[in-house]
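Undergrad: target-v3.txt is reproduced below (compact mmCIF, C-alpha atoms and all ligand atoms).
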# COMPACT_ATOMS: atom_id res chain seq x y z
CA MET M 1 -33.23 -36.97 22.29
CA SER M 2 -32.43 -40.66 21.94
CA LYS M 3 -29.28 -41.02 19.86
CA LYS M 4 -30.03 -44.70 19.45
CA LEU M 5 -33.49 -44.01 17.96
CA MET M 6 -32.06 -41.48 15.48
CA ALA M 7 -29.31 -43.88 14.41
CA ASP M 8 -31.79 -46.76 14.09
CA LEU M 9 -34.11 -44.64 11.96
CA ARG M 10 -31.29 -43.55 9.66
CA GLY M 11 -30.43 -47.23 9.21
CA LYS M 12 -34.01 -48.22 8.49
CA LEU M 13 -34.51 -45.38 6.01
CA GLU M 14 -31.32 -46.44 4.22
CA GLU M 15 -32.60 -50.02 4.09
CA LEU M 16 -35.89 -48.93 2.52
CA LYS M 17 -33.98 -47.02 -0.15
CA GLU M 18 -31.74 -49.98 -0.89
CA GLU M 19 -34.75 -52.28 -1.25
CA GLY M 20 -36.47 -49.79 -3.53
CA LEU M 21 -39.35 -49.45 -1.02
CA TYR M 22 -38.76 -45.82 -0.04
CA LYS M 23 -41.80 -43.70 -0.87
CA LYS M 24 -40.84 -40.54 -2.74
CA GLU M 25 -43.44 -37.88 -3.33
CA ARG M 26 -43.69 -36.16 -6.68
CA ILE M 27 -44.47 -32.46 -6.41
CA ILE M 28 -47.39 -31.05 -8.39
CA GLU M 29 -47.34 -27.34 -9.17
CA SER M 30 -50.86 -26.93 -10.46
CA GLU M 31 -54.37 -27.68 -9.24
CA GLN M 32 -55.55 -31.30 -9.32
CA GLY M 33 -57.04 -32.37 -12.64
CA PRO M 34 -56.68 -34.68 -15.65
CA GLU M 35 -53.69 -32.59 -16.77
CA ILE M 36 -51.23 -31.52 -14.11
CA GLU M 37 -47.90 -29.75 -13.97
CA VAL M 38 -45.15 -31.59 -12.12
CA SER M 39 -42.08 -29.79 -10.80
CA GLY M 40 -39.98 -28.25 -13.54
CA GLY M 41 -43.13 -27.22 -15.40
CA LYS M 42 -43.63 -30.52 -17.26
CA LYS M 43 -47.28 -31.16 -18.13
CA VAL M 44 -48.49 -34.75 -17.75
CA LEU M 45 -51.80 -36.59 -17.91
CA ASN M 46 -52.83 -37.75 -14.46
CA PHE M 47 -54.11 -41.32 -14.24
CA CYS M 48 -53.57 -41.93 -10.53
CA ALA M 49 -55.92 -39.58 -8.69
CA ASN M 50 -59.16 -40.49 -6.90
CA ASN M 51 -60.72 -37.56 -8.74
CA TYR M 52 -63.28 -39.96 -10.26
CA LEU M 53 -65.85 -37.32 -11.16
CA GLY M 54 -63.39 -34.55 -12.03
CA LEU M 55 -64.76 -32.31 -9.27
CA SER M 56 -61.50 -31.52 -7.43
CA SER M 57 -61.16 -28.21 -9.22
CA HIS M 58 -64.69 -27.74 -10.53
CA PRO M 59 -65.47 -23.99 -10.76
CA GLU M 60 -68.87 -24.30 -9.06
CA VAL M 61 -67.37 -26.27 -6.19
CA LEU M 62 -64.60 -23.70 -5.71
CA LYS M 63 -67.14 -20.88 -5.77
CA ALA M 64 -69.37 -22.58 -3.18
CA ALA M 65 -66.38 -23.24 -0.91
CA LYS M 66 -65.27 -19.59 -1.13
CA GLU M 67 -68.78 -18.29 -0.49
CA MET M 68 -69.08 -20.46 2.58
CA ILE M 69 -65.94 -18.85 4.01
CA ASP M 70 -67.69 -15.47 3.61
CA HIS M 71 -70.89 -16.69 5.26
CA ARG M 72 -69.68 -19.03 7.99
CA GLY M 73 -66.00 -18.22 8.45
CA TYR M 74 -62.76 -20.13 8.15
CA GLY M 75 -63.08 -22.52 11.06
CA LEU M 76 -64.97 -23.32 14.25
CA SER M 77 -62.10 -23.69 16.73
CA SER M 78 -64.15 -26.27 18.55
CA VAL M 79 -65.39 -29.81 18.54
CA ARG M 80 -69.00 -30.34 17.58
CA PHE M 81 -70.54 -30.82 21.04
CA ILE M 82 -69.00 -27.67 22.59
CA CYS M 83 -69.56 -24.85 20.11
CA GLY M 84 -68.68 -26.36 16.73
CA THR M 85 -71.99 -27.27 15.09
CA GLN M 86 -73.34 -24.86 12.48
CA ASP M 87 -76.53 -25.14 10.45
CA ILE M 88 -74.39 -26.18 7.46
CA HIS M 89 -72.97 -29.20 9.28
CA ARG M 90 -76.46 -30.48 9.99
CA ASP M 91 -77.40 -29.64 6.36
CA LEU M 92 -74.56 -31.75 5.03
CA GLU M 93 -75.47 -34.62 7.37
CA LYS M 94 -79.07 -34.52 6.16
CA ARG M 95 -78.03 -34.27 2.52
CA MET M 96 -75.69 -37.26 2.81
CA SER M 97 -78.46 -39.27 4.48
CA ASP M 98 -80.86 -38.40 1.65
CA PHE M 99 -78.23 -39.21 -0.96
CA LEU M 100 -77.39 -42.60 0.55
CA GLY M 101 -80.90 -43.54 1.66
CA THR M 102 -80.09 -43.73 5.38
CA ASP M 103 -81.60 -42.32 8.60
CA ASP M 104 -78.77 -40.05 9.69
CA THR M 105 -75.10 -39.17 9.16
CA ILE M 106 -72.24 -38.06 11.41
CA LEU M 107 -69.30 -36.05 10.00
CA TYR M 108 -65.61 -36.69 10.70
CA ALA M 109 -62.39 -34.91 9.76
CA ALA M 110 -61.61 -37.86 7.46
CA CYS M 111 -62.90 -41.29 6.55
CA PHE M 112 -59.83 -42.58 8.37
CA ASP M 113 -61.36 -41.11 11.54
CA ALA M 114 -64.83 -42.43 10.70
CA ASN M 115 -63.31 -45.92 10.58
CA GLY M 116 -61.25 -45.24 13.70
CA GLY M 117 -64.43 -44.41 15.60
CA VAL M 118 -66.98 -46.88 14.26
CA PHE M 119 -66.12 -50.12 16.08
CA ASP M 120 -65.18 -49.39 19.68
CA PRO M 121 -68.45 -47.57 20.52
CA PHE M 122 -70.50 -50.69 19.72
CA LEU M 123 -68.30 -53.67 20.42
CA ASP M 124 -66.63 -54.90 23.61
CA ARG M 125 -64.66 -58.09 24.30
CA GLU M 126 -67.78 -60.25 24.22
CA CYS M 127 -68.45 -59.22 20.60
CA ALA M 128 -67.06 -60.39 17.27
CA ILE M 129 -65.65 -58.43 14.33
CA ILE M 130 -65.58 -60.30 11.05
CA ALA M 131 -63.35 -58.67 8.45
CA ASP M 132 -62.34 -59.24 4.83
CA GLN M 133 -58.65 -60.14 4.50
CA LEU M 134 -57.97 -57.16 2.19
CA ASN M 135 -59.64 -54.41 4.21
CA HIS M 136 -58.19 -50.90 4.06
CA ALA M 137 -55.59 -49.85 6.65
CA SER M 138 -58.04 -47.48 8.35
CA ILE M 139 -60.56 -50.29 8.97
CA ILE M 140 -57.77 -52.48 10.32
CA ASP M 141 -56.69 -49.68 12.68
CA GLY M 142 -60.28 -49.05 13.78
CA VAL M 143 -60.64 -52.74 14.58
CA ARG M 144 -57.40 -52.61 16.59
CA LEU M 145 -58.86 -49.85 18.75
CA CYS M 146 -61.67 -52.07 19.95
CA LYS M 147 -61.54 -55.15 22.14
CA ALA M 148 -63.88 -57.43 20.22
CA LYS M 149 -62.65 -60.84 19.03
CA ARG M 150 -61.39 -60.69 15.44
CA PHE M 151 -62.12 -63.07 12.62
CA ILE M 152 -60.72 -62.67 9.11
CA TYR M 153 -62.49 -64.21 6.12
CA SER M 154 -61.05 -65.02 2.71
CA HIS M 155 -61.28 -62.07 0.32
CA CYS M 156 -64.90 -61.60 -0.86
CA ASN M 157 -65.60 -65.28 -0.18
CA MET M 158 -69.11 -65.86 1.14
CA GLY M 159 -68.85 -69.64 1.46
CA LYS M 160 -68.35 -72.34 4.03
CA GLY M 161 -65.01 -74.10 4.40
CA GLU M 162 -61.50 -72.79 3.81
CA HIS M 163 -60.32 -70.94 0.72
CA GLU M 164 -57.06 -69.69 -0.69
CA PHE M 165 -56.49 -66.12 -1.80
CA ASP M 166 -53.16 -64.30 -2.32
CA GLY M 167 -51.35 -67.29 -0.82
CA LYS M 168 -53.37 -67.29 2.40
CA THR M 169 -55.89 -69.95 3.41
CA LEU M 170 -58.80 -68.55 5.39
CA PRO M 171 -62.43 -69.48 6.09
CA GLY M 172 -65.24 -68.03 3.99
CA LEU M 173 -67.69 -65.58 5.58
CA GLU M 174 -70.41 -68.17 6.28
CA GLU M 175 -67.84 -70.51 7.80
CA VAL M 176 -66.94 -67.76 10.29
CA LEU M 177 -70.55 -66.73 10.98
CA SER M 178 -71.59 -70.32 11.67
CA SER M 179 -68.66 -71.06 14.00
CA PRO M 180 -69.52 -71.45 17.69
CA GLU M 181 -67.26 -68.52 18.69
CA ALA M 182 -69.07 -66.13 16.36
CA ARG M 183 -72.52 -67.48 17.25
CA GLU M 184 -71.85 -67.08 20.96
CA ALA M 185 -70.69 -63.45 20.63
CA LYS M 186 -73.02 -60.76 22.02
CA TYR M 187 -73.04 -58.86 18.69
CA ARG M 188 -71.37 -59.70 15.39
CA MET M 189 -70.21 -56.99 12.96
CA ILE M 190 -69.11 -57.78 9.41
CA CYS M 191 -66.84 -55.07 7.98
CA THR M 192 -65.59 -54.69 4.44
CA ASP M 193 -64.42 -52.22 1.84
CA GLY M 194 -67.14 -51.68 -0.77
CA VAL M 195 -64.41 -51.41 -3.44
CA PHE M 196 -60.90 -52.72 -2.80
CA SER M 197 -58.48 -50.05 -3.89
CA MET M 198 -55.62 -52.25 -5.07
CA ASN M 199 -57.80 -54.57 -7.19
CA GLY M 200 -60.78 -52.43 -8.19
CA ASP M 201 -63.06 -55.34 -7.26
CA MET M 202 -66.20 -55.06 -5.15
CA ALA M 203 -67.52 -56.90 -2.12
CA PRO M 204 -70.83 -58.67 -2.90
CA ILE M 205 -72.87 -56.44 -0.61
CA ASN M 206 -76.19 -58.18 -1.36
CA ASP M 207 -74.80 -61.56 -0.26
CA ILE M 208 -73.21 -60.01 2.81
CA VAL M 209 -76.53 -58.39 3.80
CA ASP M 210 -78.30 -61.76 3.31
CA LEU M 211 -75.79 -63.62 5.46
CA ALA M 212 -75.98 -60.88 8.09
CA ASP M 213 -79.76 -61.30 8.24
CA ARG M 214 -79.45 -65.05 8.63
CA TYR M 215 -76.79 -64.88 11.33
CA ASP M 216 -77.99 -61.70 13.07
CA ALA M 217 -74.95 -59.55 12.31
CA ILE M 218 -74.44 -55.82 11.76
CA VAL M 219 -72.92 -54.80 8.40
CA MET M 220 -70.38 -52.01 8.00
CA VAL M 221 -69.19 -51.03 4.49
CA ASP M 222 -66.43 -48.51 3.72
CA ASP M 223 -67.51 -46.99 0.40
CA ALA M 224 -64.65 -44.49 -0.03
CA HIS M 225 -63.97 -45.66 -3.61
CA ALA M 226 -67.66 -45.81 -4.56
CA THR M 227 -69.77 -42.97 -3.16
CA GLY M 228 -70.78 -40.62 -5.95
CA PHE M 229 -70.20 -42.88 -8.95
CA VAL M 230 -70.67 -46.63 -8.34
CA GLY M 231 -74.24 -47.82 -8.94
CA GLU M 232 -76.77 -46.57 -11.44
CA THR M 233 -77.13 -43.17 -9.77
CA GLY M 234 -73.78 -43.11 -7.95
CA ARG M 235 -75.09 -44.08 -4.52
CA GLY M 236 -72.30 -46.60 -4.07
CA THR M 237 -71.85 -50.37 -3.79
CA PRO M 238 -75.17 -50.98 -1.95
CA GLU M 239 -76.97 -49.51 -4.96
CA TYR M 240 -74.77 -51.49 -7.37
CA PHE M 241 -75.82 -54.71 -5.64
CA GLY M 242 -79.49 -53.77 -5.24
CA VAL M 243 -79.48 -53.15 -1.48
CA HIS M 244 -79.46 -49.33 -1.42
CA GLY M 245 -80.25 -48.10 2.10
CA GLU M 246 -80.08 -51.60 3.61
CA VAL M 247 -76.54 -51.52 5.00
CA ASP M 248 -76.47 -50.73 8.74
CA LEU M 249 -73.36 -48.54 8.63
CA VAL M 250 -71.57 -46.99 5.65
CA THR M 251 -68.40 -44.94 6.07
CA THR M 252 -67.15 -42.79 3.22
CA THR M 253 -64.93 -39.85 2.30
CA PHE M 254 -65.35 -36.40 0.78
CA GLY M 255 -61.69 -36.63 -0.21
CA LYS M 256 -62.14 -38.72 -3.36
CA ALA M 257 -65.02 -38.45 -5.85
CA LEU M 258 -66.99 -35.90 -3.78
CA GLY M 259 -64.65 -32.98 -4.44
CA GLY M 260 -61.41 -34.36 -3.07
CA ALA M 261 -60.75 -31.85 -0.28
CA SER M 262 -61.05 -33.79 2.97
CA GLY M 263 -63.59 -35.02 5.46
CA GLY M 264 -65.64 -38.13 5.84
CA CYS M 265 -68.72 -39.50 7.49
CA THR M 266 -70.55 -42.51 8.84
CA THR M 267 -74.15 -42.92 7.76
CA GLY M 268 -76.77 -45.46 8.75
CA LYS M 269 -79.51 -46.45 11.17
CA GLN M 270 -80.66 -43.77 13.60
CA GLU M 271 -79.76 -45.52 16.86
CA LEU M 272 -76.29 -46.31 15.58
CA ILE M 273 -75.57 -42.72 14.51
CA ASP M 274 -77.08 -41.31 17.73
CA TRP M 275 -74.78 -43.54 19.73
CA LEU M 276 -71.70 -42.55 17.68
CA ARG M 277 -72.37 -38.88 18.55
CA GLN M 278 -72.15 -39.85 22.23
CA ALA M 279 -69.27 -42.29 22.12
CA SER M 280 -67.10 -42.04 18.99
CA ARG M 281 -63.76 -40.60 20.07
CA PRO M 282 -62.51 -39.12 16.74
CA TYR M 283 -65.83 -37.21 16.60
CA LEU M 284 -65.88 -36.12 20.23
CA PHE M 285 -62.26 -35.03 20.48
CA SER M 286 -61.38 -33.60 17.06
CA ASN M 287 -62.18 -30.29 15.41
CA THR M 288 -65.29 -29.60 13.34
CA LEU M 289 -65.10 -29.93 9.54
CA ALA M 290 -64.10 -26.56 7.97
CA PRO M 291 -67.04 -24.56 6.56
CA SER M 292 -65.36 -24.27 3.14
CA VAL M 293 -65.23 -28.07 2.87
CA VAL M 294 -68.86 -28.32 3.93
CA GLY M 295 -69.84 -25.70 1.33
CA GLY M 296 -67.91 -27.44 -1.43
CA THR M 297 -69.34 -30.86 -0.58
CA LEU M 298 -72.91 -29.52 -0.44
CA LYS M 299 -72.38 -28.16 -3.97
CA VAL M 300 -71.05 -31.53 -5.13
CA LEU M 301 -74.21 -33.21 -3.83
CA ASP M 302 -76.29 -30.60 -5.71
CA LEU M 303 -74.44 -31.40 -8.93
CA LEU M 304 -74.76 -35.17 -8.48
CA SER M 305 -78.44 -35.03 -7.59
CA LYS M 306 -79.34 -33.17 -10.80
CA THR M 307 -77.88 -35.57 -13.34
CA THR M 308 -75.85 -38.76 -13.62
CA ASP M 309 -73.71 -37.31 -16.47
CA LEU M 310 -70.43 -37.46 -14.57
CA ARG M 311 -70.79 -40.99 -13.23
CA ASP M 312 -71.96 -42.09 -16.70
CA ARG M 313 -68.83 -40.57 -18.22
CA VAL M 314 -66.39 -42.22 -15.82
CA GLU M 315 -68.17 -45.54 -16.44
CA LYS M 316 -67.83 -45.13 -20.18
CA ASN M 317 -64.16 -44.18 -19.85
CA GLN M 318 -63.43 -47.12 -17.59
CA LYS M 319 -65.12 -49.65 -19.87
CA TYR M 320 -63.37 -48.25 -22.96
CA PHE M 321 -59.93 -48.30 -21.32
CA ARG M 322 -60.40 -51.87 -20.03
CA ARG M 323 -61.52 -53.13 -23.43
CA ARG M 324 -58.75 -51.41 -25.40
CA MET M 325 -55.96 -52.43 -23.03
CA ALA M 326 -57.10 -56.07 -23.14
CA GLU M 327 -57.15 -55.88 -26.96
CA GLU M 328 -53.58 -54.60 -26.92
CA GLY M 329 -52.58 -57.70 -24.95
CA PHE M 330 -52.18 -56.38 -21.40
CA GLU M 331 -53.29 -58.51 -18.50
CA ILE M 332 -55.81 -56.56 -16.46
CA LEU M 333 -57.74 -57.58 -13.36
CA GLU M 334 -61.34 -57.94 -14.38
CA GLY M 335 -63.80 -55.52 -12.89
CA ASP M 336 -66.34 -52.78 -13.44
CA HIS M 337 -64.63 -49.86 -11.73
CA PRO M 338 -62.35 -46.97 -12.78
CA ILE M 339 -59.51 -48.57 -10.79
CA VAL M 340 -57.85 -50.68 -13.50
CA PRO M 341 -54.82 -52.75 -12.38
CA ILE M 342 -52.41 -53.72 -15.18
CA MET M 343 -50.70 -56.89 -13.92
CA PHE M 344 -46.99 -57.75 -14.26
CA GLY M 345 -46.86 -60.91 -12.14
CA LYS M 346 -46.19 -63.28 -15.02
CA TYR M 347 -42.91 -61.59 -15.95
CA PRO M 348 -39.58 -62.12 -14.17
CA ASN M 349 -38.63 -59.37 -11.68
CA ASP M 350 -42.19 -58.06 -11.75
CA ALA M 351 -41.58 -55.49 -8.98
CA ALA M 352 -38.68 -53.82 -10.80
CA LEU M 353 -40.56 -54.03 -14.09
CA ALA M 354 -43.70 -52.32 -12.74
CA GLN M 355 -41.57 -49.54 -11.27
CA GLN M 356 -39.50 -49.06 -14.43
CA PHE M 357 -42.64 -49.20 -16.56
CA ALA M 358 -44.25 -46.41 -14.55
CA ASP M 359 -41.09 -44.28 -14.82
CA ASP M 360 -41.05 -44.78 -18.59
CA LEU M 361 -44.72 -43.84 -18.81
CA LEU M 362 -44.01 -40.60 -16.99
CA LYS M 363 -41.40 -39.79 -19.65
CA GLU M 364 -44.22 -40.28 -22.17
CA GLY M 365 -46.35 -37.82 -20.21
CA ILE M 366 -48.53 -40.37 -18.39
CA TYR M 367 -48.54 -40.25 -14.59
CA VAL M 368 -49.32 -43.61 -12.97
CA ILE M 369 -47.86 -45.54 -10.04
CA GLY M 370 -46.44 -49.06 -9.81
CA PHE M 371 -47.41 -51.13 -6.76
CA PHE M 372 -45.46 -54.16 -5.57
CA TYR M 373 -44.73 -56.19 -2.45
CA PRO M 374 -45.40 -55.39 0.42
CA VAL M 375 -48.27 -53.14 -0.76
CA VAL M 376 -49.64 -56.09 -2.79
CA ALA M 377 -48.81 -59.79 -2.54
CA ARG M 378 -45.51 -61.11 -3.95
CA GLY M 379 -45.69 -61.82 -7.68
CA GLN M 380 -48.71 -59.50 -8.02
CA SER M 381 -46.94 -56.30 -9.04
CA ARG M 382 -49.10 -53.94 -11.00
CA ILE M 383 -49.61 -50.46 -12.34
CA ARG M 384 -52.87 -49.08 -11.07
CA VAL M 385 -54.63 -46.81 -13.54
CA GLN M 386 -57.52 -44.68 -12.34
CA LEU M 387 -59.95 -43.18 -14.82
CA SER M 388 -61.86 -39.96 -14.29
CA ALA M 389 -64.92 -38.34 -15.82
CA ALA M 390 -62.57 -35.46 -16.61
CA HIS M 391 -60.48 -37.57 -19.01
CA THR M 392 -61.32 -37.02 -22.67
CA MET M 393 -61.11 -39.79 -25.27
CA GLU M 394 -57.88 -38.14 -26.50
CA HIS M 395 -56.39 -38.37 -23.00
CA ILE M 396 -57.27 -42.05 -22.76
CA ASP M 397 -56.02 -42.89 -26.25
CA LYS M 398 -52.77 -41.11 -25.47
CA ALA M 399 -52.37 -43.24 -22.34
CA ILE M 400 -53.04 -46.47 -24.24
CA GLU M 401 -50.55 -45.45 -26.94
CA ALA M 402 -47.89 -44.80 -24.28
CA PHE M 403 -48.59 -48.15 -22.59
CA VAL M 404 -48.15 -49.92 -25.94
CA LYS M 405 -44.92 -48.06 -26.71
CA VAL M 406 -43.40 -48.80 -23.31
CA GLY M 407 -44.75 -52.37 -23.40
CA LYS M 408 -42.93 -52.98 -26.69
CA LYS M 409 -39.75 -51.45 -25.30
CA HIS M 410 -39.85 -53.97 -22.42
CA GLY M 411 -40.73 -56.81 -24.76
CA ILE M 412 -43.98 -57.78 -23.04
CA LEU M 413 -46.41 -57.23 -25.92
C1 LIG U 501 -59.02 -43.34 0.99
C2 LIG U 501 -59.67 -44.30 1.90
C3 LIG U 501 -59.93 -43.98 3.24
C4 LIG U 501 -59.43 -42.71 3.86
O1 LIG U 501 -60.20 -41.62 3.51
P1 LIG U 501 -59.77 -40.18 4.05
O2 LIG U 501 -61.04 -39.41 4.06
O3 LIG U 501 -58.75 -39.66 3.10
O4 LIG U 501 -59.22 -40.38 5.42
C5 LIG U 501 -60.63 -44.88 4.00
N1 LIG U 501 -61.04 -46.07 3.48
C6 LIG U 501 -60.80 -46.41 2.21
C7 LIG U 501 -61.29 -47.71 1.70
C8 LIG U 501 -60.10 -45.55 1.39
O5 LIG U 501 -59.81 -45.91 0.14
Step by step, read the file and then write its structure as structure tokens.
Ligand SMILES: *Cc1c(COP(=O)(O)O)cnc(C)c1O
TA:
Amino acid sequence: MSKKLMADLRGKLEELKEEGLYKKERIIESEQGPEIEVSGGKKVLNFCANNYLGLSSHPEVLKAAKEMIDHRGYGLSSVRFICGTQDIHRDLEKRMSDFLGTDDTILYAACFDANGGVFDPFLDRECAIIADQLNHASIIDGVRLCKAKRFIYSHCNMGKGEHEFDGKTLPGLEEVLSSPEAREAKYRMICTDGVFSMNGDMAPINDIVDLADRYDAIVMVDDAHATGFVGETGRGTPEYFGVHGEVDLVTTTFGKALGGASGGCTTGKQELIDWLRQASRPYLFSNTLAPSVVGGTLKVLDLLSKTTDLRDRVEKNQKYFRRRMAEEGFEILEGDHPIVPIMFGKYPNDAALAQQFADDLLKEGIYVIGFFYPVVARGQSRIRVQLSAAHTMEHIDKAIEAFVKVGKKHGIL
């Protein structure tokens, strides 16, 4: 054991605590839902889960997961290509492909793994990866695992020339695509989040697909915060932007709207998925998705294919909350997504304020989280509220009331 490492870590942990950057985890003592019990038995309304459709503890999903344990066991004790593929894994892959309008789908233990295994199989050092500046950590890590040249474009900016966003000046997407380095690359892959989790804004997928056609690039979209509820029938950001089924590669998670357990997938063109099965390391060298998770997710797809009730409800909730909070005088980042960031940047000591505000809201029975530098840019501190189809109007009104009360206490309304 390295005494120096242990001492250094103790020092660094202390430093985090002093700077107020140490991540503490609150303990929940109930199932996930709009109302949860935090330790000590206190009941609070949960406005910070990715449980967009309220399916995390849906009775039919639980039943399907339990039944699948009876029919196909607890686990496969194998990777897929040795003895870990059951009929249900192929079923889920087919059902996801149908749902998202693609040729085929490959399952992973998590969307983090899908992103970790989606670049290196296609791209070597003669290729180019072109990434949005705000991409999710798992895309960034996936890109790091491959040797292609990296280009970063200004957040959601499709243009030529240089642009400023969050204090950084970067080229727009077309500026990168038209540069000699990108044009000379063997293949070009554009990668982006469909929805950016800190802002609740969306990448213009239709424009990205157009640019990719013009400059002969592959498009990869991570739709973790969209699959199941964004777009008219919940097919995600490609549907929202009118290009359903036209994105080459979509990665997504079963750990958010689609039941919230775990697991993820990559879906897209046949040749691409076939090649991932041969070459994607997190697929080849990691255990098969548990049958219970497959059973639960299949049930979720059943529910979502019958009716759009749940995605309609979360849309209604989101629009109502955004409108009412703006009327009350809060500054919110504009958008059309159940991620609603309440911004504190214009007040002095915005980081401390966002944190204190969230603590005060918890005392009022509303569970939300404050985000500040380095998770978001300096001067951009916020409380991120996430709406769910499981929230009732009473829940939402109670949250707005608490925001107003705490806002008055801090003198910002
Ligand atoms: C949550 C998230 C992931 C990770 O999904 P897991 O299935 O939990 O690993 C990946 N990408 C984005 C954009 C996410 O928001």
Undergrad: Give, as lines of an AutoDock Vina configuration file, the centre coordinates and the x, y and z edge lengths in Å to one decimal for an axis-aligned box around all listed atoms of ligand LIG 501 (chain U), padded by 6 Å on each side.
TA:
center_x = -60.0
center_y = -43.6
center_z = 2.8
size_x = 14.5
size_y = 20.3
size_z = 17.3
Undergrad: Could you tell me how far CA of Ile129 in chain M lies from CA of Gly268 in chain M, in Å and to one decimal?
TA: 18.0 Å
Undergrad: Hey, which residues sit close to ligand LIG 501 (chain U)? Say within 10 Å, counting only C-alpha atoms and all ligand atoms, and write them as a PyMOL selection string.
TA: chain M and resi 50+108-116+135-140+192-198+221-226+251-256+260-265
Undergrad: Taking all atoms listed in the file into account, which of M:Arg384, M:Arg324, M:Arg188, M:Arg311 comes nearest Ile339 in chain M?
TA: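 Ranked by minimum distance to Ile339 in chain M, first place goes to M:Arg384.
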Undergrad: List the spatial neighbours of Gln380 in chain M as a PyMOL selection string - criterion: any atom at most 12 Å away, all atoms listed in the file, same-chain residues fewer than 2 positions off excluded.
TA: chain M and resi 165-167+198-199+331-333+341-354+370-378+382-384
Undergrad: Please save C-alpha atoms of the selected residues as a tab-separated table (two decimals), in the coordinates of the input.
TA:
chain	number	residue	atom	x	y	z
M	165	PHE	CA	-56.49	-66.12	-1.80
M	166	ASP	CA	-53.16	-64.30	-2.32
M	167	GLY	CA	-51.35	-67.29	-0.82
M	198	MET	CA	-55.62	-52.25	-5.07
M	199	ASN	CA	-57.80	-54.57	-7.19
M	331	GLU	CA	-53.29	-58.51	-18.50
M	332	ILE	CA	-55.81	-56.56	-16.46
M	333	LEU	CA	-57.74	-57.58	-13.36
M	341	PRO	CA	-54.82	-52.75	-12.38
M	342	ILE	CA	-52.41	-53.72	-15.18
M	343	MET	CA	-50.70	-56.89	-13.92
M	344	PHE	CA	-46.99	-57.75	-14.26
M	345	GLY	CA	-46.86	-60.91	-12.14
M	346	LYS	CA	-46.19	-63.28	-15.02
M	347	TYR	CA	-42.91	-61.59	-15.95
M	348	PRO	CA	-39.58	-62.12	-14.17
M	349	ASN	CA	-38.63	-59.37	-11.68
M	350	ASP	CA	-42.19	-58.06	-11.75
M	351	ALA	CA	-41.58	-55.49	-8.98
M	352	ALA	CA	-38.68	-53.82	-10.80
M	353	LEU	CA	-40.56	-54.03	-14.09
M	354	ALA	CA	-43.70	-52.32	-12.74
M	370	GLY	CA	-46.44	-49.06	-9.81
M	371	PHE	CA	-47.41	-51.13	-6.76
M	372	PHE	CA	-45.46	-54.16	-5.57
M	373	TYR	CA	-44.73	-56.19	-2.45
M	374	PRO	CA	-45.40	-55.39	0.42
M	375	VAL	CA	-48.27	-53.14	-0.76
M	376	VAL	CA	-49.64	-56.09	-2.79
M	377	ALA	CA	-48.81	-59.79	-2.54
M	378	ARG	CA	-45.51	-61.11	-3.95
M	382	ARG	CA	-49.10	-53.94	-11.00
M	383	ILE	CA	-49.61	-50.46	-12.34
M	384	ARG	CA	-52.87	-49.08	-11.07
Undergrad: Extract, using only C-alpha atoms, all DNA, RNA and protein residues at most 12 Å from Leu361 in chain M, discarding same-chain residues fewer than 6 positions from it, and format them as a list in words.
TA: Val44, Leu45, Asn46, Phe47, Leu353, Ala354, Gln355, Tyr367, Val368, Ile369, Gly370, Ile383, Val385, Lys398, Ala399, Ile400, Glu401, Ala402, Phe403, Val404, Lys405, Val406, Gly407, Lys409 and His410 of chain M
Undergrad: Which residues, written as a VMD selection string, have at least one atom at most 9 Å from range 302-306 of chain M, with only C-alpha atoms counted and residues fewer than 6 positions away on the same chain left out?
TA: chain M and resid 99 228 to 229 233 to 234
Undergrad: Which of these, M:Arg281, M:Arg235, M:Lys23, M:Arg214, has the shortest distance to Leu145 in chain M once you count only C-alpha atoms?
TA: M:Arg281
Undergrad: Go ahead and compute the interatomic distance for CA of Glu328 in chain M and CA of Ala390 in chain M, in Å to one decimal.
TA: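 Rounded to one decimal, the two atoms are 23.5 Å apart.
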